[in-house]
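Notes for the one structure printed next.
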Amino acid sequence: MNTKTKGDTLFLHPKRNRREKGIRSIFFIAAIFGVITIFSILFFLLKEAYPLPTDLWSFLSGTKWSPTESLQFGTYPLIVGTLLVTFGAMILAIPLSIGGALFISEIASTRVRSIIKPAIELLAGIPSVVYGFFGLVLLTTWIKDFFGVPTGETWLAGSIILGIMAIPTITTVAEDAIKAVPREYKEGSLAMGATRWQTIHKVVVPSALSGITGAIILGIGRAVGETMAILMVCGNAAIIPTPLWNTFSPIRTLTSTLGIETAEVPVGGPHYHALFGVAVLLLLITLIINMSAVYLLGVLQKKHGAATKKKKPVLSVAIVVKIKKIITSLALLLFLLLLYLITGILLTGLLFLLGVVCWVLIKKISQKSIQKLAFSTIGASIITIMILLGVLLSYIFMNGTAALSWEFLTEAPRNLGRSGGISTALIGTLYLVTGAIAIALPIGVGASIYLTEYTKESVMTKIIRTGADLLNGTPSIVFGLFGFAFFVLYLKFGFSLLAGQITLAFMIIPTILRTTEEALRSVPQSIREGSYAVGATRWQTIRRVVLPPAAPGIITGAILGIGRAAGETAPIMFTAVAFSSFFPSSLLEPVNALPYHLFIIATNVPGTAARTAAGGTALVLLLLVIGFYSIAILIRNHYQKTMKW
Amino acid sequence: MVEEEIIKTVDLNLWYGEKQALYNVNMSVLANKITALIGPSGCGKSTLIRCFNRMNDVIDKCRITGSILFDGNDIYHANADAVEIRKKIGMVFQKPNPFPKSIYENIAYGPRVQGNNNKKELDAIVEKSLKIAALWDEVSDRLHESAMGLSGGQQQRLCIARSLAIEPEIILMDEPCSSLDPIATAKIEDLMLELKKKYTVIIVTHNMQQAARVSDFTAYMYLGKLIEFGPTKQIFENPKEELTENYITGRFG
């Protein structure tokens, strides 16, 4: 037999190989886009922040932020404001979220879970400007009346709103972490006669601890970066509360400073540079926060993944236990001291006694009763979350229906939105969202195809993935300032539809990338091997075998991105929007948008007519976004059920 | 009939990262025979079979030295193309892995990715492949239903039919019966005996009775090394190496 001719067919097909390489490089370009974006954001913010009007030290430690009158640029009160409001939010959000996560993953029946989980995800979908509106009209009034304080626009209001907003982030990520605990651990514990609660708090929670911590840190990151809601309910006085725990003091955060002042600042002046300095500061803070969350969540993955090399512990177990004991008692003392400072000796003593009694009781009562107690606490937290969601939704609904009519949807606003409708805002939002998804979808999907299908895990993929994670945690207001500096000023787009679309696209690329990657990874490797084994090329395998079953997941991600883009205000505030009664006739004209329209008439236009119109706008925006989210959740749930491997 | 050598490994070494999984494997496989690879878990038999169609290419940190000659040409040569090799050397996997498509599209997939979209030809290929795989009678009335609805044994025969549709010269089977019940296993074994008339079959199996029943040649591997390779009868009845004998007789610890 002539082996030569036969074997020749084994060799490379230059044409096909070129095509495969070409396709691969297209995906590669999409993938490094995220990294380039994060660096260019940092670069442009730094470029615009230079030169700072003061030296770095007084910029960070100066106690007075008065950029227009006395030209003082101390960000210290803003940093303190951000920390305090976030701290308060976490006191509310952490227990509720962890209770919620435990309930969903460990206690709820499948039926209950299938209702509660989407409900919490809906909470994540509500636009921050709607939260702000809710806080402004209901919460601040309630605080004012209930506590008898002169104004309800306070630290307390900000923390409550922010706490509610952080719940879905923490709950869903913590739930993922708890779900990742291998079932064998639980079965091992139950098999030795432990109760379900003992199993949860002695086995499940400890193994998921790094993931739960990561979830909390992500929630903190989200809270630190939130702009619109905070801006609307916190009063925005750049002061440090006196005394520090005066929760009825107005407060101003880094983000709200940017939100309020950027639109009116003279470009190139000291105030302008100072604002970009604040943006850099904010970006760096959130970068650090998110990096630590990413790291902690990575630890979790490694722990349950392949066998890891055991490192020899630096300290012996006995010493660690001792240190833990010391830290716990110190924390207890500190807590008591704080309590004493705030409430006085009598109450502290009482509470301490109560704590001791509880502790003794818990030691005495049976494991069964402890379990009952624990489960009811967890149940209470999930009920609280549901009540919060219910109050919020029903309030927006009841407030909005009065304004709702066909004219409201189809007419342009008149008299600063007091009469007429919201047609320009509605159409503007649709334009913005369409453009954003048209840009973000190819890049996000392309990048995730590159990451999952073309690369072996390497330094490069780690850099790309970290870039996407950081982009995901970047506050939306920072995107806004970047868009302002880069598209509006540097590329001379002006306030335009195009600048808004690209800025929004940058913001939702990580969402799409993440969900697509997840969808691609859920396609089993064996299917790919089956395709390779019959001589399919990589691209043929991706297009014909991997993408079709992953399509529902990708569509879900796209719709989530659309929902997010439709609800965001901060990124478009300095790039695209104008409170206008006209439709844009080209990509380079400004547009109106629903969230912005709501923000303006809720905060800047006085009168009951404006209040009614704001209620209507909030309802339309909420329905629009919830509509997108519901479709996404339905698609996902449907395919999770029907797709089995 | 002259026995013709179709594929052989020459000094084949393989590493997964730092860990070496194959050591200097030299074996040659004869055409139209069934060659079984046996040995304890982790001995490298699955790794070796995946070398024959360069399936290890898709695994992270896998490094290979040495060569595999297929009809005299090195499939690990710098210019050799894995896609072309896999068209000639098909594979059936441990767990049935049908695509989430119809039965028809599963089998037409291979010809389609190679550019054949002629409906008549595809119909003929699908029927012929299913018939050889002894699945035609069971599924001919529901070719356009999802392959995910078939039983495990049917799915595995579908995967065999799928690999036949591209007319390979060699069919690699990586523990094809490990997830099947005895009846489905018997069907696949009958099928293998049928297949060797036209194809060369290399099979990895955990089941020594299976190797003894169906194969013409048997290779015993242990800790990444090829310990003994010869006619099945000789390996099972009169092994030359003590390690092989221990394994065959169940004295392996």
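Each chain in the structure tokens gets a letter, A, B, ..., in the order shown, and its residues are numbered from 1; ligands are numbered from 1 in order too.
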
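With only C-alpha atoms taken into account, the protein and nucleic acid residues at most 12 Å from Glu589 of chain A (excluding it and anything under 6 positions from it in its own chain) are Gly428, Tyr431, Leu432, Val488, Phe493, Gly494, Phe495, Ser496, Leu497, Leu498, Ala499, Gly500, Gln501, Thr575, Ala576, Val577, Ala578, Ser580, Phe582 and Phe583 of chain A.
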
Can you write out the residues you just picked, keeping C-alpha atoms, as a compact mmCIF listing (two decimals), in the first residue's frame?
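Saved the output as result_13.txt:
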# COMPACT_ATOMS: atom_id res chain seq x y z
CA GLY A 428 -34.89 57.78 25.06
CA TYR A 431 -32.70 54.04 22.37
CA LEU A 432 -30.06 53.99 25.09
CA VAL A 488 -18.12 63.77 25.97
CA PHE A 493 -19.21 63.56 21.34
CA GLY A 494 -20.87 66.11 23.61
CA PHE A 495 -23.87 65.09 25.69
CA SER A 496 -25.18 62.52 23.25
CA LEU A 497 -27.11 59.33 22.79
CA LEU A 498 -23.95 57.66 21.50
CA ALA A 499 -21.85 58.56 24.55
CA GLY A 500 -24.60 57.23 26.82
CA GLN A 501 -24.96 54.00 24.87
CA THR A 575 -22.92 61.62 29.19
CA ALA A 576 -26.27 61.52 27.48
CA VAL A 577 -29.29 62.97 29.17
CA ALA A 578 -31.09 66.24 29.04
CA SER A 580 -36.01 67.46 27.19
CA PHE A 582 -37.82 66.39 22.14
CA PHE A 583 -36.82 63.17 20.49

Rows by chain and residue number, chain B within 7 Å of chain A, shortest pair, only C-alpha atoms, as a tab-separated table:
residue	atom	partner	partner_atom	distance
B:Asp60	CA	A:Lys456	CA	5.6
B:Asp71	CA	A:Thr3	CA	6.0
B:Gly72	CA	A:Thr3	CA	6.5
B:Asn73	CA	A:Gly7	CA	5.9
B:Asn79	CA	A:Phe11	CA	5.6
B:Ala80	CA	A:Phe11	CA	4.5
B:Asp81	CA	A:Leu12	CA	4.9
B:Val83	CA	A:Gly535	CA	4.8
B:Glu84	CA	A:Leu10	CA	5.2
B:Ile85	CA	A:Leu10	CA	5.9
B:Arg86	CA	A:Gly535	CA	4.8
B:Lys87	CA	A:Gly535	CA	4.6
B:Gly90	CA	A:Ala533	CA	5.7
B:Met91	CA	A:Ala533	CA	5.6
B:Asn97	CA	A:Ile527	CA	5.6
B:Pro98	CA	A:Ile527	CA	6.9
B:Phe99	CA	A:Ile527	CA	6.1
B:Gly110	CA	A:Val534	CA	5.3
B:Val113	CA	A:Ala536	CA	5.8
B:Ser163	CA	A:Val534	CA	6.0
B:Ile166	CA	A:Val534	CA	6.8

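For the atom pair formed by atom CA of Gly125 of chain A and atom CA of Ser419 of chain A, the distance is 28.3 Å, given to one decimal.
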
All helix (DSSP H, G or I) residues (DSSP, backbone) inside segment 498-610 of chain A, as a PDB file with C-alpha atoms, in the first residue's frame:
ATOM      1  CA  LEU A 498     -23.952  57.663  21.504  1.00  0.00           C
ATOM      2  CA  ALA A 499     -21.849  58.565  24.547  1.00  0.00           C
ATOM      3  CA  GLY A 500     -24.598  57.231  26.821  1.00  0.00           C
ATOM      4  CA  GLN A 501     -24.961  53.999  24.870  1.00  0.00           C
ATOM      5  CA  ILE A 502     -21.246  53.214  25.002  1.00  0.00           C
ATOM      6  CA  THR A 503     -20.967  54.119  28.690  1.00  0.00           C
ATOM      7  CA  LEU A 504     -23.918  51.870  29.540  1.00  0.00           C
ATOM      8  CA  ALA A 505     -22.454  49.123  27.363  1.00  0.00           C
ATOM      9  CA  PHE A 506     -19.193  49.222  29.336  1.00  0.00           C
ATOM     10  CA  MET A 507     -21.195  48.877  32.489  1.00  0.00           C
ATOM     11  CA  ILE A 508     -23.195  45.807  31.448  1.00  0.00           C
ATOM     12  CA  ILE A 509     -20.421  43.892  29.661  1.00  0.00           C
ATOM     13  CA  PRO A 510     -19.399  42.121  32.903  1.00  0.00           C
ATOM     14  CA  THR A 511     -22.975  40.981  33.560  1.00  0.00           C
ATOM     15  CA  ILE A 512     -23.214  39.461  30.101  1.00  0.00           C
ATOM     16  CA  LEU A 513     -19.751  37.979  30.302  1.00  0.00           C
ATOM     17  CA  ARG A 514     -20.490  36.301  33.608  1.00  0.00           C
ATOM     18  CA  THR A 515     -23.829  34.766  32.653  1.00  0.00           C
ATOM     19  CA  THR A 516     -22.541  33.613  29.278  1.00  0.00           C
ATOM     20  CA  GLU A 517     -19.518  32.010  30.857  1.00  0.00           C
ATOM     21  CA  GLU A 518     -21.758  30.189  33.286  1.00  0.00           C
ATOM     22  CA  ALA A 519     -23.999  29.006  30.451  1.00  0.00           C
ATOM     23  CA  LEU A 520     -21.031  27.762  28.416  1.00  0.00           C
ATOM     24  CA  ARG A 521     -19.534  25.958  31.394  1.00  0.00           C
ATOM     25  CA  GLN A 525     -17.056  18.704  28.403  1.00  0.00           C
ATOM     26  CA  SER A 526     -18.004  15.230  27.138  1.00  0.00           C
ATOM     27  CA  ILE A 527     -20.249  16.796  24.499  1.00  0.00           C
ATOM     28  CA  ARG A 528     -17.338  18.821  23.182  1.00  0.00           C
ATOM     29  CA  GLU A 529     -15.145  15.723  23.106  1.00  0.00           C
ATOM     30  CA  GLY A 530     -17.858  13.866  21.223  1.00  0.00           C
ATOM     31  CA  SER A 531     -17.776  16.571  18.601  1.00  0.00           C
ATOM     32  CA  TYR A 532     -13.979  16.678  18.335  1.00  0.00           C
ATOM     33  CA  ALA A 533     -13.935  12.905  18.047  1.00  0.00           C
ATOM     34  CA  ARG A 538     -13.061  24.016  17.485  1.00  0.00           C
ATOM     35  CA  TRP A 539     -15.248  26.656  15.900  1.00  0.00           C
ATOM     36  CA  GLN A 540     -17.601  24.023  14.442  1.00  0.00           C
ATOM     37  CA  THR A 541     -17.882  22.495  17.896  1.00  0.00           C
ATOM     38  CA  ILE A 542     -18.629  25.846  19.508  1.00  0.00           C
ATOM     39  CA  ARG A 543     -21.169  26.903  16.907  1.00  0.00           C
ATOM     40  CA  ARG A 544     -23.038  23.638  16.467  1.00  0.00           C
ATOM     41  CA  VAL A 545     -22.758  21.845  19.809  1.00  0.00           C
ATOM     42  CA  VAL A 546     -21.909  24.317  22.560  1.00  0.00           C
ATOM     43  CA  LEU A 547     -23.798  27.482  21.683  1.00  0.00           C
ATOM     44  CA  PRO A 548     -27.271  25.994  21.012  1.00  0.00           C
ATOM     45  CA  PRO A 549     -27.794  24.537  24.508  1.00  0.00           C
ATOM     46  CA  ALA A 550     -26.109  27.587  26.051  1.00  0.00           C
ATOM     47  CA  ALA A 551     -28.345  30.017  24.168  1.00  0.00           C
ATOM     48  CA  PRO A 552     -31.058  30.347  26.848  1.00  0.00           C
ATOM     49  CA  GLY A 553     -28.421  31.225  29.436  1.00  0.00           C
ATOM     50  CA  ILE A 554     -26.868  33.796  27.136  1.00  0.00           C
ATOM     51  CA  ILE A 555     -30.267  35.341  26.394  1.00  0.00           C
ATOM     52  CA  THR A 556     -30.950  35.483  30.129  1.00  0.00           C
ATOM     53  CA  GLY A 557     -27.723  37.389  30.648  1.00  0.00           C
ATOM     54  CA  ALA A 558     -28.539  39.780  27.842  1.00  0.00           C
ATOM     55  CA  ILE A 559     -31.971  40.534  29.272  1.00  0.00           C
ATOM     56  CA  LEU A 560     -30.509  41.077  32.744  1.00  0.00           C
ATOM     57  CA  GLY A 561     -28.075  43.498  31.128  1.00  0.00           C
ATOM     58  CA  ILE A 562     -30.924  45.308  29.393  1.00  0.00           C
ATOM     59  CA  GLY A 563     -32.808  45.575  32.685  1.00  0.00           C
ATOM     60  CA  ARG A 564     -29.772  46.956  34.423  1.00  0.00           C
ATOM     61  CA  ALA A 565     -29.061  49.468  31.661  1.00  0.00           C
ATOM     62  CA  ALA A 566     -32.665  50.651  31.631  1.00  0.00           C
ATOM     63  CA  GLY A 567     -32.640  51.420  35.337  1.00  0.00           C
ATOM     64  CA  ALA A 570     -25.534  57.659  37.195  1.00  0.00           C
ATOM     65  CA  PRO A 571     -23.713  56.530  34.023  1.00  0.00           C
ATOM     66  CA  ILE A 572     -25.914  58.589  31.722  1.00  0.00           C
ATOM     67  CA  MET A 573     -26.266  61.653  33.910  1.00  0.00           C
ATOM     68  CA  LEU A 594     -36.871  57.381  32.420  1.00  0.00           C
ATOM     69  CA  PRO A 595     -34.615  57.129  35.481  1.00  0.00           C
ATOM     70  CA  TYR A 596     -33.231  60.602  34.895  1.00  0.00           C
ATOM     71  CA  HIS A 597     -36.703  62.020  34.338  1.00  0.00           C
ATOM     72  CA  LEU A 598     -37.806  60.469  37.613  1.00  0.00           C
ATOM     73  CA  PHE A 599     -34.768  61.798  39.440  1.00  0.00           C
ATOM     74  CA  ILE A 600     -35.318  65.361  38.223  1.00  0.00           C
ATOM     75  CA  ILE A 601     -39.028  65.621  38.905  1.00  0.00           C
ATOM     76  CA  ALA A 602     -38.723  63.868  42.257  1.00  0.00           C
ATOM     77  CA  THR A 603     -35.924  66.092  43.542  1.00  0.00           C
ATOM     78  CA  THR A 608     -48.115  67.865  44.059  1.00  0.00           C
ATOM     79  CA  ALA A 609     -48.468  67.629  40.263  1.00  0.00           C
ATOM     80  CA  ALA A 610     -44.799  66.792  40.028  1.00  0.00           C
TER      81      ALA A 610
END

Segment 357-361 of chain A environment, 12 Å, only C-alpha atoms, sequence neighbours closer than 6 positions dropped, as a list in words = Leu350, Leu351, Gln367, Ser369, Ile370 and Leu373 of chain A

Saved selection, atoms kept: N, CA and C atoms, as an mmCIF file, in the first residue's frame:
data_model
loop_
_atom_site.group_PDB
_atom_site.id
_atom_site.type_symbol
_atom_site.label_atom_id
_atom_site.label_comp_id
_atom_site.auth_asym_id
_atom_site.auth_seq_id
_atom_site.Cartn_x
_atom_site.Cartn_y
_atom_site.Cartn_z
ATOM 1 N N LEU A 350 -28.745 45.510 82.031
ATOM 2 C CA LEU A 350 -29.940 44.740 81.754
ATOM 3 C C LEU A 350 -29.716 43.802 80.567
ATOM 4 N N LEU A 351 -29.165 44.397 79.506
ATOM 5 C CA LEU A 351 -28.936 43.616 78.295
ATOM 6 C C LEU A 351 -27.940 42.490 78.544
ATOM 7 N N GLN A 367 -31.488 19.994 72.048
ATOM 8 C CA GLN A 367 -31.067 20.348 70.684
ATOM 9 C C GLN A 367 -32.274 20.622 69.804
ATOM 10 N N SER A 369 -35.133 21.958 70.633
ATOM 11 C CA SER A 369 -35.665 23.301 70.853
ATOM 12 C C SER A 369 -34.746 24.359 70.270
ATOM 13 N N ILE A 370 -33.432 24.118 70.397
ATOM 14 C CA ILE A 370 -32.484 25.067 69.815
ATOM 15 C C ILE A 370 -32.727 25.177 68.316
ATOM 16 N N LEU A 373 -35.701 27.231 67.668
ATOM 17 C CA LEU A 373 -35.379 28.638 67.878
ATOM 18 C C LEU A 373 -34.625 29.207 66.676
#

Mind checking which residues fall within 8 Å of Glu245 of chain B, counting only C-alpha atoms, ignoring those fewer than 5 positions away in the same chain, and posting them as a PyMOL selection string?
-> chain B and resi 236+239-240

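From atom CA of Lys186 of chain A back to atom CA of Ser179 of chain B, the distance works out to 27.1 Å.
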
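The coordinates place atom CA of Glu3 of chain B at 21.4 Å from atom CA of Ile49 of chain B.
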
Gly153 of chain B environment, 9 Å, only C-alpha atoms, sequence neighbours closer than 5 positions dropped, as a ChimeraX atom specification = /B:96,158,177,179-181,183-185,187-188

Kindly save the residues from that selection, with C-alpha atoms included, as a compact mmCIF listing (two decimals), in the first residue's frame.
# COMPACT_ATOMS: atom_id res chain seq x y z
CA PRO B 96 -22.62 8.01 26.41
CA LEU B 158 -25.94 5.83 18.98
CA CYS B 177 -19.75 -0.48 28.77
CA SER B 179 -22.16 2.65 32.63
CA LEU B 180 -24.34 -0.03 31.03
CA ASP B 181 -26.25 -3.03 32.35
CA ILE B 183 -27.83 -6.87 28.52
CA ALA B 184 -26.73 -3.61 26.91
CA THR B 185 -23.12 -4.69 27.45
CA LYS B 187 -25.16 -6.02 22.67
CA ILE B 188 -22.15 -3.73 22.49
